[in-house]
$ cat input-v3.cif   # mmCIF, C-alpha atoms
data_data
#
loop_
_atom_site.label_atom_id
_atom_site.label_comp_id
_atom_site.auth_asym_id
_atom_site.auth_seq_id
_atom_site.Cartn_x
_atom_site.Cartn_y
_atom_site.Cartn_z
CA MET A 1 105.32 109.03 111.97
CA LYS A 2 108.64 109.01 110.26
CA TYR A 3 108.10 112.35 108.56
CA ALA A 4 108.69 115.77 110.04
CA LYS A 5 105.59 117.72 110.97
CA TYR A 6 104.67 121.37 110.99
CA PRO A 7 103.85 123.15 114.24
CA PHE A 8 100.16 123.89 114.42
CA THR A 9 97.59 126.11 116.07
CA VAL A 10 94.45 124.66 117.58
CA GLY A 11 91.28 126.33 118.80
CA GLU A 12 90.58 125.75 122.45
CA ALA A 13 87.70 123.40 121.65
CA HIS A 14 90.29 121.22 119.90
CA THR A 15 88.22 120.80 116.76
CA LYS A 16 89.94 123.17 114.34
CA TYR A 17 93.59 123.31 113.43
CA GLU A 18 95.83 125.44 111.25
CA PHE A 19 99.36 125.08 110.06
CA THR A 20 101.47 126.60 107.32
CA SER A 21 102.92 124.54 104.54
CA GLU A 22 106.29 125.90 103.41
CA GLY A 23 107.45 124.81 99.99
CA HIS A 24 108.59 125.91 96.62
CA LYS A 25 105.26 127.64 95.99
CA GLY A 26 105.56 129.62 99.18
CA SER A 27 103.49 129.57 102.37
CA ILE A 28 100.07 127.96 102.23
CA ILE A 29 97.68 127.89 105.18
CA LYS A 30 96.26 124.43 105.75
CA THR A 31 93.22 123.76 107.87
CA VAL A 32 91.95 120.61 109.48
CA VAL A 33 88.44 120.66 110.91
CA TYR A 34 86.76 117.96 112.99
CA ALA A 35 83.02 118.52 112.65
CA GLN A 36 80.51 116.36 114.44
CA ILE A 37 78.36 114.14 112.26
CA ARG A 38 76.58 112.56 115.17
CA SER A 39 77.41 112.05 118.79
CA GLY A 40 80.88 110.58 118.96
CA ILE A 41 81.52 110.65 115.22
CA PHE A 42 83.43 113.44 113.54
CA ASN A 43 84.20 114.25 109.96
CA LEU A 44 87.77 115.27 109.18
CA SER A 45 87.88 118.03 106.58
CA PHE A 46 91.25 119.06 105.28
CA GLY A 47 92.12 121.74 102.79
CA ASP A 48 93.76 125.03 101.97
CA TRP A 49 92.41 128.20 103.47
CA ASN A 50 91.75 130.93 100.95
CA SER A 51 91.90 134.12 103.00
CA GLU A 52 90.83 136.25 100.05
CA ILE A 53 87.38 134.73 100.01
CA ASP A 54 87.40 133.26 103.54
CA LYS A 55 86.73 129.79 102.31
CA MET A 56 88.29 126.39 102.59
CA ASP A 57 89.21 124.56 99.42
CA ASP A 58 89.37 120.81 99.92
CA SER A 59 89.87 119.97 96.28
CA ILE A 60 93.00 121.93 95.47
CA THR A 61 96.33 120.20 94.96
CA SER A 62 98.98 122.52 96.29
CA ASN A 63 102.03 120.75 94.87
CA ASN A 64 104.13 122.57 97.41
CA GLY A 65 106.65 119.74 97.54
CA ASP A 66 105.93 118.77 101.15
CA ARG A 67 103.09 116.28 100.83
CA ASP A 68 104.45 113.80 103.33
CA LYS A 69 105.10 116.47 105.93
CA VAL A 70 101.62 117.89 105.43
CA LEU A 71 99.93 114.52 105.76
CA ALA A 72 102.04 113.66 108.80
CA THR A 73 100.85 116.92 110.37
CA VAL A 74 97.23 116.04 109.63
CA ALA A 75 97.82 112.71 111.38
CA ALA A 76 99.30 114.60 114.32
CA THR A 77 96.13 116.68 114.59
CA ALA A 78 94.19 113.42 114.83
CA ILE A 79 96.31 112.43 117.81
CA GLU A 80 95.79 115.81 119.43
CA PHE A 81 92.08 115.68 118.70
CA THR A 82 91.63 112.20 120.16
CA ASN A 83 93.69 113.19 123.20
CA ASN A 84 90.81 115.57 123.88
CA TYR A 85 87.96 113.44 122.54
CA PRO A 86 88.87 109.90 123.54
CA GLY A 87 86.59 107.37 121.93
CA ALA A 88 85.68 109.61 119.03
CA LEU A 89 85.41 108.02 115.62
CA ILE A 90 86.90 110.00 112.76
CA TYR A 91 85.41 109.64 109.30
CA THR A 92 87.19 110.91 106.24
CA GLU A 93 87.04 110.63 102.51
CA GLY A 94 88.65 112.68 99.79
CA SER A 95 86.62 115.39 98.12
CA THR A 96 87.45 113.62 94.86
CA PRO A 97 88.44 110.04 94.04
CA ALA A 98 91.98 111.28 93.40
CA ARG A 99 92.15 112.82 96.82
CA THR A 100 90.75 109.69 98.43
CA ARG A 101 93.56 107.77 96.74
CA LEU A 102 96.03 110.29 98.09
CA TYR A 103 94.77 109.67 101.62
CA GLN A 104 94.94 105.94 100.98
CA MET A 105 98.54 106.18 99.85
CA ALA A 106 99.42 108.31 102.84
CA ILE A 107 97.85 105.80 105.23
CA ALA A 108 99.53 102.89 103.46
CA LYS A 109 102.90 104.62 103.54
CA ASN A 110 102.67 105.16 107.27
CA LEU A 111 100.50 102.20 108.22
CA GLU A 112 102.86 100.70 110.74
CA GLU A 113 103.25 103.90 112.68
CA ILE A 114 99.62 104.95 112.35
CA SER A 115 98.57 101.54 113.59
CA GLU A 116 100.47 102.14 116.81
CA ASN A 117 97.90 104.79 117.67
CA PHE A 118 94.81 104.07 115.62
CA GLU A 119 92.57 101.37 114.28
CA ILE A 120 91.70 102.12 110.66
CA GLU A 121 88.83 100.67 108.65
CA GLY A 122 88.30 101.19 104.95
CA TYR A 123 85.00 100.92 103.09
CA ILE A 124 85.08 98.80 99.98
CA ASN A 125 82.51 96.68 98.16
CA ARG A 126 79.84 97.76 100.63
CA ILE A 127 81.68 96.61 103.72
CA TRP A 128 84.09 98.02 106.25
CA GLU A 129 87.29 96.07 106.70
CA PRO A 130 90.57 96.65 108.51
CA PHE A 131 92.73 98.80 106.25
CA GLN A 132 94.95 96.84 103.91
CA LYS A 133 97.51 98.16 101.51
CA GLY A 134 96.66 97.98 97.83
CA ARG A 135 92.88 98.24 98.23
CA ASN A 136 90.95 101.15 96.76
CA TYR A 137 88.68 102.34 99.53
CA GLU A 138 85.83 104.80 99.25
CA ALA A 139 86.14 106.16 102.77
CA PHE A 140 87.96 105.63 106.04
CA LEU A 141 87.03 105.40 109.69
CA VAL A 142 89.60 105.81 112.38
CA LYS A 143 89.57 105.39 116.13
CA ARG A 144 92.25 105.75 118.72
CA LYS A 145 93.53 102.60 120.34
CA MET B 146 99.12 130.03 124.89
CA SER B 147 101.84 127.98 123.36
CA HIS B 148 103.23 124.77 124.64
CA LYS B 149 105.15 121.72 123.66
CA VAL B 150 103.08 118.67 124.28
CA GLU B 151 104.98 116.11 126.28
CA ASN B 152 102.98 113.27 124.82
CA ASP B 153 105.56 111.21 123.00
CA LYS B 154 103.00 110.38 120.34
CA LEU B 155 103.22 113.99 119.22
CA GLU B 156 106.99 113.98 119.27
CA GLN B 157 107.36 117.43 120.74
CA ILE B 158 105.43 119.30 118.09
CA GLN B 159 104.95 122.96 118.90
CA ILE B 160 101.23 123.40 119.48
CA THR B 161 99.65 126.77 120.09
CA VAL B 162 96.19 126.85 121.65
CA VAL B 163 94.13 129.94 120.92
CA PRO B 164 90.55 130.97 121.68
CA ASP B 165 88.26 129.59 119.02
CA ASN B 166 87.11 133.07 118.09
CA GLN B 167 90.65 133.94 117.06
CA MET B 168 90.38 131.46 114.22
CA PRO B 169 87.97 131.55 111.28
CA ASP B 170 84.61 129.93 111.82
CA TYR B 171 85.62 126.82 109.92
CA HIS B 172 82.68 124.80 111.14
CA ASN B 173 80.33 127.06 109.22
CA ASP B 174 82.45 127.01 106.10
CA PRO B 175 80.35 125.76 103.17
CA THR B 176 83.03 123.22 102.24
CA VAL B 177 83.01 121.77 105.74
CA ILE B 178 79.22 121.75 105.96
CA ALA B 179 78.99 119.98 102.62
CA ALA B 180 81.58 117.41 103.69
CA VAL B 181 79.67 116.68 106.88
CA GLU B 182 76.45 116.22 104.93
CA ARG B 183 78.18 113.83 102.54
CA ALA B 184 79.65 111.93 105.47
CA ARG B 185 76.30 111.68 107.22
CA ALA B 186 74.62 110.39 104.07
CA PHE B 187 77.43 107.92 103.49
CA LEU B 188 77.28 106.54 107.03
CA GLU B 189 73.49 106.34 106.95
CA LYS B 190 73.92 104.02 104.02
CA ALA B 191 77.14 102.22 104.93
CA GLY B 192 76.71 101.90 108.67
CA LEU B 193 79.70 101.41 110.92
CA PRO B 194 82.13 98.55 111.42
CA LYS B 195 80.84 95.98 113.86
CA GLY B 196 81.74 96.92 117.39
CA TRP B 197 82.20 100.55 116.43
CA ASP B 198 78.52 101.32 116.63
CA LYS B 199 78.20 101.83 120.36
CA ASN B 200 76.78 105.08 121.61
CA ASN B 201 75.59 106.33 118.28
CA ASN B 202 72.66 105.85 115.99
CA PHE B 203 74.26 104.24 113.00
CA LYS B 204 73.70 100.61 112.21
CA SER B 205 76.55 98.13 111.80
CA SER B 206 77.58 97.42 108.27
CA PRO B 207 77.65 93.92 106.83
CA GLN B 208 80.79 92.07 107.76
CA PRO B 209 83.51 90.70 105.50
CA GLU B 210 82.99 87.09 104.57
#

$ encode --input "input-v3.cif" --output "structure tokens"
Amino acid sequence: MKYAKYPFTVGEAHTKYEFTSEGHKGSIIKTVVYAQIRSGIFNLSFGDWNSEIDKMDDSITSNNGDRDKVLATVAATAIEFTNNYPGALIYTEGSTPARTRLYQMAIAKNLEEISENFEIEGYINRIWEPFQKGRNYEAFLVKRK
Amino acid sequence: MSHKVENDKLEQIQITVVPDNQMPDYHNDPTVIAAVERARAFLEKAGLPKGWDKNNNFKSSPQPE
């Protein structure tokens, strides 16, 4: 990835990750959770951690001015996760259509580098297809090469 | 435990590994649980890309023409 990344903390099961976004709105704790859907398939949840109510918010837009660095860090967690769970499929979609588009833009922006490590499929018009730029996908599936 | 991963794919990111119980129980977070349920329902309907459906119970999705 061509963007800088934040250092992160990972639980020893390598399924939950935390890092701190530092931007003009201050420090924001970000969490990435890989939760099993079925054997070998994991959902990637990504959001801000609200420590006041002990709850993740996957719909908030932080606008902390570091979007590319944050998304590059999320991608780095996927590498770390698949280092520990080789063969795992990672499913993700945005919690809202806007957030799905954000993920799509992030993938498109970094497609060449992401493709070095991962195969990415997007779901559109009721089929999965290899990710292509400029297509509005509903969801994504990723696996490590 | 903190270490720098030598894997060049992680480009020397500082990664700290901690016991799971030192982090919040994210897997039981309602947002995560809801996302997993949505994902399961989606994949039940959509299936998986052809060739990606080994070792799991999802069907393959129709293929691009």

$ resolve_selection --input "input-v3.cif" --expression "the PyMOL selection byres ((chain A and resi 81) around 10)" --output "VMD selection string"
chain A and resid 10 13 to 17 33 to 34 75 to 80 82 to 86 88 90 144

$ closest_residue --input "input-v3.cif" --among "B:Ile160, B:Lys190, B:Asn173, B:Ile178" --to "chain A" --atoms "all atoms listed in the file"
B:Ile160

$ residues_around --input "input-v3.cif" --residues "Ile28 (chain A)" --least-positions-apart "3" --cutoff "10 Å" --atoms "all atoms listed in the file" --output "list of chain:residue names"
A:Phe19, A:Thr20, A:Ser21, A:Glu22, A:Gly23, A:Lys25, A:Thr31, A:Asp48, A:Trp49, A:Asn50, A:Ser62, A:Asn64

$ atom_distance --input "input-v3.cif" --atom1 "CA of Pro194 (chain B)" --atom2 "CA of Arg99 (chain A)"
22.7 Å

$ resolve_selection --input "input-v3.cif" --expression "the PyMOL selection byres ((chain A) within 9 of (chain B))" --output "CSV table (one decimal) with C-alpha atoms, in the frame of the given file"
chain,number,residue,atom,x,y,z
A,1,MET,CA,105.3,109.0,112.0
A,5,LYS,CA,105.6,117.7,111.0
A,6,TYR,CA,104.7,121.4,111.0
A,7,PRO,CA,103.8,123.2,114.2
A,8,PHE,CA,100.2,123.9,114.4
A,9,THR,CA,97.6,126.1,116.1
A,10,VAL,CA,94.4,124.7,117.6
A,11,GLY,CA,91.3,126.3,118.8
A,12,GLU,CA,90.6,125.8,122.4
A,13,ALA,CA,87.7,123.4,121.6
A,14,HIS,CA,90.3,121.2,119.9
A,15,THR,CA,88.2,120.8,116.8
A,16,LYS,CA,89.9,123.2,114.3
A,17,TYR,CA,93.6,123.3,113.4
A,18,GLU,CA,95.8,125.4,111.2
A,31,THR,CA,93.2,123.8,107.9
A,32,VAL,CA,92.0,120.6,109.5
A,33,VAL,CA,88.4,120.7,110.9
A,34,TYR,CA,86.8,118.0,113.0
A,35,ALA,CA,83.0,118.5,112.6
A,36,GLN,CA,80.5,116.4,114.4
A,37,ILE,CA,78.4,114.1,112.3
A,38,ARG,CA,76.6,112.6,115.2
A,39,SER,CA,77.4,112.0,118.8
A,40,GLY,CA,80.9,110.6,119.0
A,41,ILE,CA,81.5,110.6,115.2
A,42,PHE,CA,83.4,113.4,113.5
A,43,ASN,CA,84.2,114.2,110.0
A,44,LEU,CA,87.8,115.3,109.2
A,45,SER,CA,87.9,118.0,106.6
A,46,PHE,CA,91.2,119.1,105.3
A,54,ASP,CA,87.4,133.3,103.5
A,55,LYS,CA,86.7,129.8,102.3
A,56,MET,CA,88.3,126.4,102.6
A,57,ASP,CA,89.2,124.6,99.4
A,58,ASP,CA,89.4,120.8,99.9
A,76,ALA,CA,99.3,114.6,114.3
A,77,THR,CA,96.1,116.7,114.6
A,79,ILE,CA,96.3,112.4,117.8
A,80,GLU,CA,95.8,115.8,119.4
A,89,LEU,CA,85.4,108.0,115.6
A,91,TYR,CA,85.4,109.6,109.3
A,92,THR,CA,87.2,110.9,106.2
A,93,GLU,CA,87.0,110.6,102.5
A,95,SER,CA,86.6,115.4,98.1
A,117,ASN,CA,97.9,104.8,117.7
A,121,GLU,CA,88.8,100.7,108.6
A,123,TYR,CA,85.0,100.9,103.1
A,126,ARG,CA,79.8,97.8,100.6
A,127,ILE,CA,81.7,96.6,103.7
A,128,TRP,CA,84.1,98.0,106.2
A,129,GLU,CA,87.3,96.1,106.7
A,139,ALA,CA,86.1,106.2,102.8
A,141,LEU,CA,87.0,105.4,109.7
A,143,LYS,CA,89.6,105.4,116.1

$ atom_distance --input "input-v3.cif" --atom1 "CA of Gly26 (chain A)" --atom2 "CA of Tyr3 (chain A)"
19.8 Å

$ resolve_selection --input "input-v3.cif" --expression "the PyMOL selection byres ((chain A and resi 113) around 12)" --output "JSON, numbers by chain"
{"A": [1, 2, 3, 72, 75, 76, 106, 107, 108, 109, 110, 111, 112, 114, 115, 116, 117, 118, 119, 120], "B": [154]}

$ atom_distance --input "input-v3.cif" --atom1 "CA of Glu138 (chain A)" --atom2 "CA of Leu71 (chain A)"
18.3 Å
